[in-house]
Each structure stands twice: as structure tokens, then as C-alpha cells.
$ cat my_file14.csv   # CSV, C-alpha atoms
chain,number,residue,atom,x,y,z
A,1,MET,CA,-6.7,-157.1,54.4
A,2,ASN,CA,-9.7,-158.8,56.1
A,3,HIS,CA,-11.2,-155.3,56.8
A,4,ILE,CA,-10.9,-154.4,53.1
A,5,HIS,CA,-12.5,-157.7,52.1
A,6,GLN,CA,-15.4,-157.1,54.3
A,7,SER,CA,-15.9,-153.5,53.0
A,8,ASN,CA,-16.0,-154.8,49.4
A,9,HIS,CA,-18.5,-157.5,50.4
A,10,SER,CA,-20.7,-154.8,52.0
A,11,SER,CA,-20.5,-152.6,48.9
A,12,SER,CA,-21.5,-155.5,46.6
A,13,ALA,CA,-24.5,-156.3,48.9
A,14,ILE,CA,-25.7,-152.6,48.8
A,15,ARG,CA,-25.4,-152.6,45.0
A,16,GLY,CA,-27.4,-155.7,44.8
A,17,GLN,CA,-30.2,-154.2,46.9
A,18,LEU,CA,-30.2,-151.1,44.8
A,19,LYS,CA,-30.6,-153.1,41.6
A,20,GLN,CA,-33.6,-155.0,43.2
A,21,LEU,CA,-35.2,-151.7,44.2
A,22,LEU,CA,-34.8,-150.2,40.8
A,23,PHE,CA,-36.1,-153.3,39.1
A,24,GLY,CA,-39.1,-153.3,41.4
A,25,PHE,CA,-39.8,-149.6,40.8
A,26,ALA,CA,-39.6,-150.2,37.0
A,27,ALA,CA,-42.1,-153.1,37.3
A,28,PHE,CA,-44.4,-150.9,39.3
A,29,VAL,CA,-44.3,-148.1,36.7
A,30,LEU,CA,-45.1,-150.6,33.9
A,31,LEU,CA,-48.0,-152.1,35.8
A,32,ALA,CA,-49.4,-148.8,36.8
A,33,PHE,CA,-49.0,-146.8,33.6
A,34,GLY,CA,-48.3,-149.3,30.9
A,35,HIS,CA,-51.9,-149.7,29.8
A,36,VAL,CA,-53.0,-146.0,30.1
A,37,ALA,CA,-54.8,-145.1,26.9
A,38,ILE,CA,-53.5,-142.0,25.0
A,39,ALA,CA,-56.3,-139.5,24.4
A,40,GLN,CA,-57.4,-139.4,20.8
A,41,PRO,CA,-57.7,-136.0,19.1
A,42,LEU,CA,-61.0,-134.4,18.3
A,43,VAL,CA,-60.6,-132.8,14.9
A,44,ILE,CA,-62.8,-130.4,13.0
A,45,THR,CA,-63.9,-131.8,9.6
A,46,SER,CA,-66.0,-128.9,8.3
A,47,THR,CA,-67.6,-125.6,9.3
A,48,THR,CA,-70.5,-123.4,8.3
A,49,PRO,CA,-69.8,-120.7,7.2
A,50,GLN,CA,-66.8,-122.1,5.4
A,51,VAL,CA,-63.3,-121.0,6.5
A,52,ASN,CA,-62.4,-117.6,5.1
A,53,VAL,CA,-65.7,-117.1,3.3
A,54,LEU,CA,-66.3,-113.3,2.7
A,55,ASN,CA,-70.1,-113.2,2.5
A,56,ALA,CA,-71.4,-114.9,5.6
A,57,ALA,CA,-75.0,-114.0,6.7
A,58,SER,CA,-75.1,-111.5,9.6
A,59,ASP,CA,-77.9,-113.5,11.2
A,60,GLY,CA,-76.7,-117.0,10.4
A,61,VAL,CA,-76.0,-120.0,12.6
A,62,ILE,CA,-72.4,-121.1,13.0
A,63,SER,CA,-71.9,-124.9,12.9
A,64,ILE,CA,-68.8,-127.0,13.6
A,65,ASP,CA,-68.6,-130.6,12.5
A,66,PHE,CA,-66.1,-132.8,14.4
A,67,ASP,CA,-64.9,-136.3,13.6
A,68,ALA,CA,-66.4,-137.7,16.8
A,69,ASN,CA,-69.4,-137.0,19.1
A,70,VAL,CA,-68.9,-133.9,21.2
A,71,ASP,CA,-69.7,-133.5,24.9
A,72,ILE,CA,-71.6,-130.2,24.6
A,73,ALA,CA,-71.2,-129.6,28.4
A,74,THR,CA,-67.5,-129.0,27.7
A,75,VAL,CA,-68.3,-126.3,25.1
A,76,HIS,CA,-70.5,-124.1,27.3
A,77,ASN,CA,-69.3,-124.3,30.9
A,78,ASN,CA,-72.7,-123.3,32.5
A,79,THR,CA,-70.9,-121.0,34.9
A,80,THR,CA,-72.9,-118.1,33.3
A,81,ALA,CA,-76.3,-117.8,31.7
A,82,ALA,CA,-77.0,-120.0,28.7
A,83,ASN,CA,-76.3,-117.2,26.3
A,84,GLN,CA,-73.2,-115.8,28.1
A,85,THR,CA,-70.1,-117.2,26.4
A,86,THR,CA,-67.2,-115.3,28.0
A,87,ASP,CA,-65.7,-118.4,29.7
A,88,ASP,CA,-66.7,-121.0,27.0
A,89,ASN,CA,-64.1,-123.3,25.6
A,90,ILE,CA,-65.1,-122.2,22.1
A,91,LYS,CA,-65.1,-118.4,21.7
A,92,ILE,CA,-66.5,-116.4,18.9
A,93,LYS,CA,-65.2,-112.9,18.5
A,94,GLY,CA,-66.0,-110.1,16.1
A,95,SER,CA,-63.5,-107.5,15.0
A,96,GLN,CA,-66.0,-104.9,16.0
A,97,SER,CA,-68.4,-106.7,18.3
A,98,GLY,CA,-65.9,-108.4,20.7
A,99,ILE,CA,-67.0,-111.7,22.1
A,100,VAL,CA,-70.3,-112.7,20.5
A,101,GLN,CA,-73.0,-114.0,22.9
A,102,GLY,CA,-75.3,-116.8,21.9
A,103,THR,CA,-76.5,-120.3,22.6
A,104,TRP,CA,-74.9,-123.7,21.8
A,105,ALA,CA,-76.9,-126.8,20.7
A,106,TYR,CA,-76.3,-130.1,18.9
A,107,GLY,CA,-76.8,-130.2,15.1
A,108,ALA,CA,-78.0,-133.1,13.0
A,109,ASP,CA,-76.1,-135.5,15.3
A,110,ASN,CA,-73.8,-135.3,18.3
A,111,SER,CA,-70.7,-134.7,16.2
A,112,ILE,CA,-72.1,-131.3,15.1
A,113,ILE,CA,-72.5,-128.3,17.4
A,114,THR,CA,-74.2,-125.1,16.4
A,115,PHE,CA,-74.0,-121.6,17.7
A,116,THR,CA,-76.9,-119.1,17.4
A,117,PRO,CA,-75.9,-115.5,18.1
A,118,THR,CA,-78.3,-113.5,20.2
A,119,THR,CA,-77.5,-110.3,18.2
A,120,VAL,CA,-76.9,-109.7,14.5
A,121,LEU,CA,-73.2,-109.7,13.5
A,122,LYS,CA,-71.8,-106.4,12.3
A,123,THR,CA,-71.7,-105.8,8.6
A,124,GLY,CA,-68.3,-106.5,7.1
A,125,GLU,CA,-66.6,-107.5,10.4
A,126,ARG,CA,-64.2,-110.4,10.7
A,127,ILE,CA,-65.4,-113.2,12.9
A,128,THR,CA,-62.8,-115.5,14.6
A,129,VAL,CA,-63.8,-118.8,16.2
A,130,THR,CA,-61.2,-120.2,18.7
A,131,ILE,CA,-61.4,-123.8,19.9
A,132,THR,CA,-59.4,-124.8,23.0
A,133,ASP,CA,-58.4,-128.3,24.3
A,134,GLY,CA,-61.1,-127.9,27.0
A,135,VAL,CA,-63.6,-129.3,24.4
A,136,LEU,CA,-64.0,-133.0,24.8
A,137,GLY,CA,-65.6,-135.8,22.9
A,138,LEU,CA,-68.1,-138.3,24.4
A,139,GLY,CA,-65.3,-140.9,24.2
A,140,ALA,CA,-62.9,-138.6,26.1
A,141,GLU,CA,-61.3,-137.3,22.8
A,142,VAL,CA,-59.5,-134.0,23.3
A,143,ALA,CA,-60.1,-131.2,20.8
A,144,THR,CA,-57.0,-130.0,18.9
A,145,PRO,CA,-56.6,-126.3,19.7
A,146,THR,CA,-57.3,-124.3,16.5
A,147,SER,CA,-59.1,-121.3,15.1
A,148,PHE,CA,-60.7,-120.3,11.9
A,149,GLY,CA,-62.4,-117.1,10.6
A,150,PHE,CA,-64.8,-115.7,8.1
A,151,SER,CA,-66.2,-112.3,7.2
A,152,VAL,CA,-69.8,-111.0,7.3
A,153,ALA,CA,-71.3,-109.9,4.0
A,154,THR,CA,-71.3,-106.2,3.2
A,155,GLY,CA,-74.0,-106.4,0.5
A,156,SER,CA,-74.0,-106.9,-3.2
A,157,PHE,CA,-71.1,-105.8,-5.5
A,158,GLU,CA,-71.9,-104.5,-8.9
A,159,GLY,CA,-68.7,-105.7,-10.5
A,160,ALA,CA,-67.0,-102.4,-10.7
A,161,LEU,CA,-66.0,-99.5,-8.5
A,162,ILE,CA,-68.2,-96.5,-9.2
A,163,ALA,CA,-67.3,-93.0,-8.1
A,164,VAL,CA,-70.2,-91.6,-6.0
A,165,THR,CA,-70.6,-87.9,-5.4
A,166,THR,CA,-71.4,-87.2,-1.8
A,167,SER,CA,-71.5,-84.3,0.6
A,168,ILE,CA,-68.7,-85.7,2.7
A,169,THR,CA,-66.2,-83.0,3.6
A,170,GLY,CA,-62.6,-83.7,2.4
A,171,VAL,CA,-60.0,-83.9,5.1
A,172,GLY,CA,-56.2,-84.0,5.0
A,173,GLU,CA,-53.0,-83.8,7.0
A,174,ASN,CA,-52.5,-87.4,8.1
A,175,ALA,CA,-56.3,-87.9,8.1
A,176,ALA,CA,-58.1,-90.9,9.3
A,177,SER,CA,-61.3,-92.7,8.2
A,178,GLU,CA,-63.1,-95.8,9.5
A,179,TRP,CA,-66.2,-97.6,8.3
A,180,GLY,CA,-68.6,-99.0,10.9
A,181,ASP,CA,-72.4,-99.6,11.1
A,182,TYR,CA,-72.9,-97.5,14.2
A,183,ASP,CA,-76.7,-97.4,13.9
A,184,GLY,CA,-77.2,-101.1,13.2
A,185,ASP,CA,-79.3,-100.6,10.1
A,186,GLY,CA,-77.2,-102.9,8.0
A,187,ASP,CA,-75.1,-100.5,6.0
A,188,LEU,CA,-71.7,-99.0,6.8
A,189,ASP,CA,-71.4,-95.5,8.1
A,190,LEU,CA,-68.2,-93.4,8.0
A,191,ALA,CA,-66.2,-91.6,10.6
A,192,VAL,CA,-63.5,-89.1,9.3
A,193,SER,CA,-60.9,-87.0,11.0
A,194,GLY,CA,-58.4,-84.4,9.9
A,195,TYR,CA,-58.1,-80.8,8.5
A,196,ASP,CA,-61.2,-79.6,6.7
A,197,THR,CA,-61.1,-77.2,3.8
A,198,ASN,CA,-60.6,-74.3,6.2
A,199,TYR,CA,-57.6,-76.0,7.9
A,200,ASP,CA,-59.7,-76.5,11.0
A,201,PRO,CA,-59.4,-79.9,12.8
A,202,THR,CA,-62.5,-81.8,12.5
A,203,THR,CA,-64.0,-85.2,13.3
A,204,ILE,CA,-67.3,-86.2,11.7
A,205,ILE,CA,-69.6,-89.2,11.7
A,206,TYR,CA,-71.6,-89.6,8.5
A,207,ARG,CA,-74.7,-91.7,8.5
A,208,ASN,CA,-75.2,-93.9,5.4
A,209,ASP,CA,-78.7,-93.2,4.2
A,210,GLY,CA,-78.3,-95.5,1.2
A,211,ASN,CA,-78.0,-94.7,-2.5
A,212,GLY,CA,-74.7,-92.8,-2.0
A,213,VAL,CA,-76.2,-90.3,0.5
A,214,PHE,CA,-74.2,-89.6,3.7
A,215,THR,CA,-75.4,-87.2,6.4
A,216,ASP,CA,-73.3,-85.5,9.0
A,217,ILE,CA,-75.0,-86.4,12.3
A,218,ASN,CA,-73.4,-83.4,14.1
A,219,ALA,CA,-72.0,-85.7,16.8
A,220,GLY,CA,-69.9,-82.8,18.3
A,221,LEU,CA,-66.7,-84.9,18.5
A,222,GLN,CA,-63.3,-83.5,19.3
A,223,GLY,CA,-61.6,-82.4,16.0
A,224,GLY,CA,-58.1,-83.6,15.2
A,225,PHE,CA,-55.4,-84.3,12.7
A,226,TYR,CA,-52.5,-86.7,12.6
A,227,SER,CA,-55.3,-88.9,13.9
A,228,ALA,CA,-56.7,-92.4,14.3
A,229,LEU,CA,-60.2,-93.8,14.5
A,230,ALA,CA,-61.5,-97.2,15.6
A,231,TRP,CA,-65.0,-98.5,16.0
A,232,GLY,CA,-65.7,-101.2,18.7
A,233,ASP,CA,-68.5,-102.1,21.1
A,234,PHE,CA,-66.6,-101.6,24.3
A,235,ASP,CA,-69.7,-101.7,26.6
A,236,ASN,CA,-71.3,-104.8,25.0
A,237,ASP,CA,-74.6,-103.0,24.5
A,238,GLY,CA,-74.8,-104.0,20.8
A,239,ASP,CA,-73.9,-100.8,19.1
A,240,LEU,CA,-70.5,-99.5,18.0
A,241,ASP,CA,-68.6,-96.9,20.1
A,242,LEU,CA,-65.7,-94.9,18.7
A,243,PHE,CA,-62.1,-94.3,19.7
A,244,PHE,CA,-60.4,-91.1,18.5
A,245,ALA,CA,-56.8,-89.9,18.9
A,246,GLY,CA,-55.1,-86.9,17.4
A,247,SER,CA,-54.1,-83.2,17.8
A,248,ASP,CA,-55.9,-79.9,17.6
A,249,TRP,CA,-54.7,-76.3,17.6
A,250,PRO,CA,-52.8,-75.3,19.6
A,251,ILE,CA,-51.1,-78.6,19.8
A,252,VAL,CA,-53.1,-80.6,22.3
A,253,ARG,CA,-53.0,-84.3,22.0
A,254,HIS,CA,-56.1,-86.4,22.7
A,255,ALA,CA,-57.2,-90.0,23.1
A,256,ILE,CA,-60.9,-90.3,23.7
A,257,ILE,CA,-63.5,-93.1,23.9
A,258,TYR,CA,-67.0,-92.0,22.8
A,259,ARG,CA,-69.9,-94.2,24.0
A,260,ASN,CA,-72.7,-94.7,21.4
A,261,ASN,CA,-75.9,-93.8,23.2
A,262,GLY,CA,-78.0,-95.6,20.6
A,263,ASP,CA,-79.9,-92.5,19.6
A,264,GLY,CA,-77.4,-90.9,17.2
A,265,THR,CA,-75.5,-89.2,20.0
A,266,PHE,CA,-72.0,-90.0,21.4
A,267,THR,CA,-70.6,-89.2,24.9
A,268,ASP,CA,-67.0,-88.8,26.0
A,269,ILE,CA,-66.6,-91.3,28.9
A,270,ASN,CA,-63.6,-89.4,30.2
A,271,ALA,CA,-61.4,-92.5,30.2
A,272,GLY,CA,-58.2,-90.5,31.1
A,273,LEU,CA,-56.1,-92.0,28.3
A,274,GLN,CA,-52.7,-90.8,27.2
A,275,GLY,CA,-53.1,-88.3,24.4
A,276,VAL,CA,-51.2,-88.9,21.2
A,277,ASP,CA,-51.0,-87.8,17.5
A,278,TYR,CA,-49.5,-89.5,14.5
A,279,ALA,CA,-51.7,-92.2,15.8
A,280,SER,CA,-53.0,-95.7,15.0
A,281,ALA,CA,-55.4,-97.8,17.1
A,282,GLN,CA,-57.0,-101.2,17.4
A,283,TRP,CA,-59.7,-102.7,19.6
A,284,GLY,CA,-59.2,-106.3,20.8
A,285,ASP,CA,-60.1,-108.5,23.8
A,286,TYR,CA,-56.5,-109.4,24.9
A,287,ASP,CA,-57.5,-111.0,28.2
A,288,ASN,CA,-60.6,-112.9,27.0
A,289,ASP,CA,-62.9,-111.4,29.7
A,290,GLY,CA,-65.6,-110.5,27.1
A,291,TYR,CA,-64.8,-106.7,26.9
A,292,LEU,CA,-62.9,-105.0,24.1
A,293,ASP,CA,-59.6,-103.4,25.3
A,294,ILE,CA,-57.8,-100.7,23.3
A,295,ALA,CA,-54.3,-100.7,22.0
A,296,TYR,CA,-52.9,-97.5,20.4
A,297,GLN,CA,-49.7,-95.7,19.7
A,298,GLY,CA,-48.4,-92.3,18.6
A,299,ARG,CA,-46.4,-89.3,19.5
A,300,SER,CA,-47.1,-88.1,23.1
A,301,GLY,CA,-45.0,-84.9,23.0
A,302,THR,CA,-42.8,-82.8,20.8
A,303,GLY,CA,-39.9,-84.5,19.1
A,304,PRO,CA,-39.3,-88.0,17.7
A,305,THR,CA,-38.3,-89.6,21.1
A,306,THR,CA,-41.6,-88.8,22.9
A,307,THR,CA,-43.5,-91.8,21.7
A,308,PHE,CA,-46.2,-94.0,23.2
A,309,THR,CA,-47.5,-97.5,22.7
A,310,GLY,CA,-50.0,-98.7,25.3
A,311,ILE,CA,-52.7,-101.2,26.0
A,312,TYR,CA,-55.6,-100.1,28.2
A,313,LYS,CA,-57.7,-102.8,29.9
A,314,ASN,CA,-61.4,-102.4,29.7
A,315,ASN,CA,-62.6,-102.8,33.3
A,316,GLY,CA,-66.2,-103.4,32.2
A,317,ASP,CA,-67.5,-100.3,34.1
A,318,ASN,CA,-66.8,-97.6,31.6
A,319,THR,CA,-63.2,-97.2,33.0
A,320,PHE,CA,-59.9,-98.2,31.4
A,321,THR,CA,-56.6,-99.0,33.0
A,322,ASN,CA,-53.1,-98.8,31.4
A,323,ILE,CA,-51.6,-102.2,32.0
A,324,ASN,CA,-48.1,-100.7,31.5
A,325,ALA,CA,-47.1,-103.4,29.0
A,326,GLY,CA,-43.7,-101.9,28.4
A,327,LEU,CA,-44.1,-101.9,24.6
A,328,GLN,CA,-41.8,-99.9,22.3
A,329,GLY,CA,-43.2,-96.4,21.7
A,330,LEU,CA,-43.9,-95.7,18.0
A,331,PHE,CA,-45.7,-93.2,15.8
A,332,ILE,CA,-46.6,-93.1,12.1
$ encode --input "my_file14.csv" --output "C-alpha cells"
Amino acid sequence: MNHIHQSNHSSSAIRGQLKQLLFGFAAFVLLAFGHVAIAQPLVITSTTPQVNVLNAASDGVISIDFDANVDIATVHNNTTAANQTTDDNIKIKGSQSGIVQGTWAYGADNSIITFTPTTVLKTGERITVTITDGVLGLGAEVATPTSFGFSVATGSFEGALIAVTTSITGVGENAASEWGDYDGDGDLDLAVSGYDTNYDPTTIIYRNDGNGVFTDINAGLQGGFYSALAWGDFDNDGDLDLFFAGSDWPIVRHAIIYRNNGDGTFTDINAGLQGVDYASAQWGDYDNDGYLDIAYQGRSGTGPTTTFTGIYKNNGDNTFTNINAGLQGLFI
């Protein structure tokens, strides 16, 4: 019995010591962390151009007004040249241009920051501005991650859709068409692909000469049907390049990236992409490295089960690598 009594006494003592330790630890936590200030949010109050505006100037300054003064050093990280924005905490991307390069500065006061692009934005493209929580205020406020967008103006609208007679060749059989200002003259040019009137596969770029006149530039592109076209500046040289996918006769499936040489000619870069037809495609910088990658899908062989959906990473050196994303194969 004495032995049992001593054991109970020892257990009580141990419990008492544990309570003291826990109390001491709790007191330490309160002293150490009880007065830590919670970071206040840094919130956007207005933007220029306004959110979702459809007629922003192609050469205009973008400004963002916050509810507190901004530490501009946290906007541009200074790990690259002043006008290189690939690792900035605010990224500005064009649906055709990719990451837009330019310079940041303060506006009328330190709560306003402005971005001046080094090149003219593409006519009609969608611009997306993405703000990360890496942007800080001068009072240590933390930006609320968000994004907003607007569209670049395409020119005046006369109030009605007017049929314009052109020399553009009609195409059919799951044809594709895509507008894009490939020559940077401020008006939208047109790429088309499909069967022509002789049932020959064709892909043509028409230069917009204004006043409803479009001229075949005889680019010498691979003809195709069941096709897809997508403009995008994959090499960041300031002009739009062209992705094409589709079939010709006999059934040979293609997926080709044409580099815009800036002189009205286009060159197949021999990217080695999986050929498809019944295709669709979209450029986008999925890894935020400043280079447009290409995602596309289609039928890669005969039969409904031979489908492909892939993302090819732009390596920045005129080569592309299939990232083997494991996406569901589809065709349209």
C-alpha cells in the first residue's frame, strides 16, 4: 500500500510540473507573438484604362491607383533591365503579344504607379494585368492578388455592319480564319485556311490595305483543311507569328509554327510538333517566363480514338518541347 501511495504522489508531482511547463510556454507565446501587427491589405481603387474597356489606346500608359503608397521596388524586381518585366510582381500580357515589356514609374503621387510599354500594343488584343502579393506598400501593406483586363481599340465603328466586296478566296471544309496585325500598320490582316474553290487545300495571309482591299501576300504556307490558325509573337521580336494545324491531300496532318521575318515573308521553324486535323489552338504563356507557349488539340490519326491535346513549351530559342501534360485528347 505504501508503494502505491508513493506512485500516486509521484504522478501528481509530474502532472504539476507539466502544467507549469505548459503555462510557461503559453505565456512565452503571448509575449512573443501577441503584439505582432497583422499586415494590412493594399487594394486597387482605380485603373487607367478602366476595367473591361474596349477601346484603349494602343500606345497609352497603364496606371494603377492603390489605397496606400506603393514601394515601387517591389513592382519591378531589378533582376533584369529596366524595361524587362518577365519576373515583375505585376505582369501585363497581351493575348497576341505575350508579356508586354515597358518601364514602371510613380504617377501623381506614390499611391499611383504607371507602366509605359516599349512597343505599341496589338490592335484588338486583350490585355490582362495580374498583380501578385509580392507588391508591397511603403507601410508594409500587402497587395491583394487580383487581375483585370481591357481591350485595345480596333478603330472607329460606323454603327452598322456593311458587306464589303473583296478579292479574298472563299474556303470551306472546316475552314479556319484568324485576324491579326502581322505587319504592325495598325489594321487587322487576315489568315484563312481550308479548301479553295478547286477543292485544293490552301492557307493564305491577306494584307489589309485599307478601304476594304485585301492582298494575298503569297506567303507560301502549307495548305490545309479541318484546320486551326493562331497569331502570336512567340519570339518576342514585336511582330505576329502564325501557328497552323490541319490536313492536306493525301491525308497528312501538320502542326507548323511560322516565324514572321518582318518583311512580309514567313519561315517554318521546323518545331517538330505533333500533326493534327479537326484542330483548335491557342497561344499563352503558361509558365510566366515571358515566351508564348502553344496549346492545341485535334485528331492525330484515323478514327475517333486517335486524338491529341498537347502543350508545347517555348524554350526561347526557336524550339518547343512537349511537356506531356497528360490532357484528354479531343478534336472538333
$ closest_residue --input "my_file14.csv" --among "A:Val171, A:Val164, A:Ile64, A:Val120" --to "Gln50 (chain A)" --atoms "all atoms listed in the file"
A:Ile64
$ atom_distance --input "my_file14.csv" --atom1 "CA of Ser280 (chain A)" --atom2 "CA of Phe331 (chain A)"
7.8 Å
$ closest_residue --input "my_file14.csv" --among "A:Ile112, A:Val252, A:Val129, A:Ile99" --to "Thr45 (chain A)" --atoms "only C-alpha atoms"
A:Ile112
$ closest_residue --input "my_file14.csv" --among "A:Val61, A:Thr319, A:Leu292, A:Leu327" --to "Thr307 (chain A)" --atoms "all atoms listed in the file"
A:Leu327
$ residues_around --input "my_file14.csv" --residues "Ile168 (chain A)" --least-positions-apart "3" --cutoff "8 Å" --atoms "all atoms listed in the file" --output "list in words"
Tyr206, Phe214, Thr215 and Asp216 of chain A
$ residues_around --input "my_file14.csv" --residues "Gly220 (chain A)" --least-positions-apart "5" --cutoff "10 Å" --atoms "all atoms listed in the file" --output "list in words"
Thr202, Thr203, Ile204, Ile205, Thr265, Phe266 and Thr267 of chain A
$ residues_around --input "my_file14.csv" --residues "Ile62 (chain A)" --least-positions-apart "4" --cutoff "8 Å" --atoms "only C-alpha atoms" --output "ChimeraX atom specification"
/A:47-49,114-116
$ atom_distance --input "my_file14.csv" --atom1 "CA of Ala191 (chain A)" --atom2 "CA of Ala219 (chain A)"
10.3 Å
$ closest_residue --input "my_file14.csv" --among "A:Gln101, A:Ser227, A:Ser167, A:Ser247" --to "Tyr296 (chain A)" --atoms "all atoms listed in the file"
A:Ser227
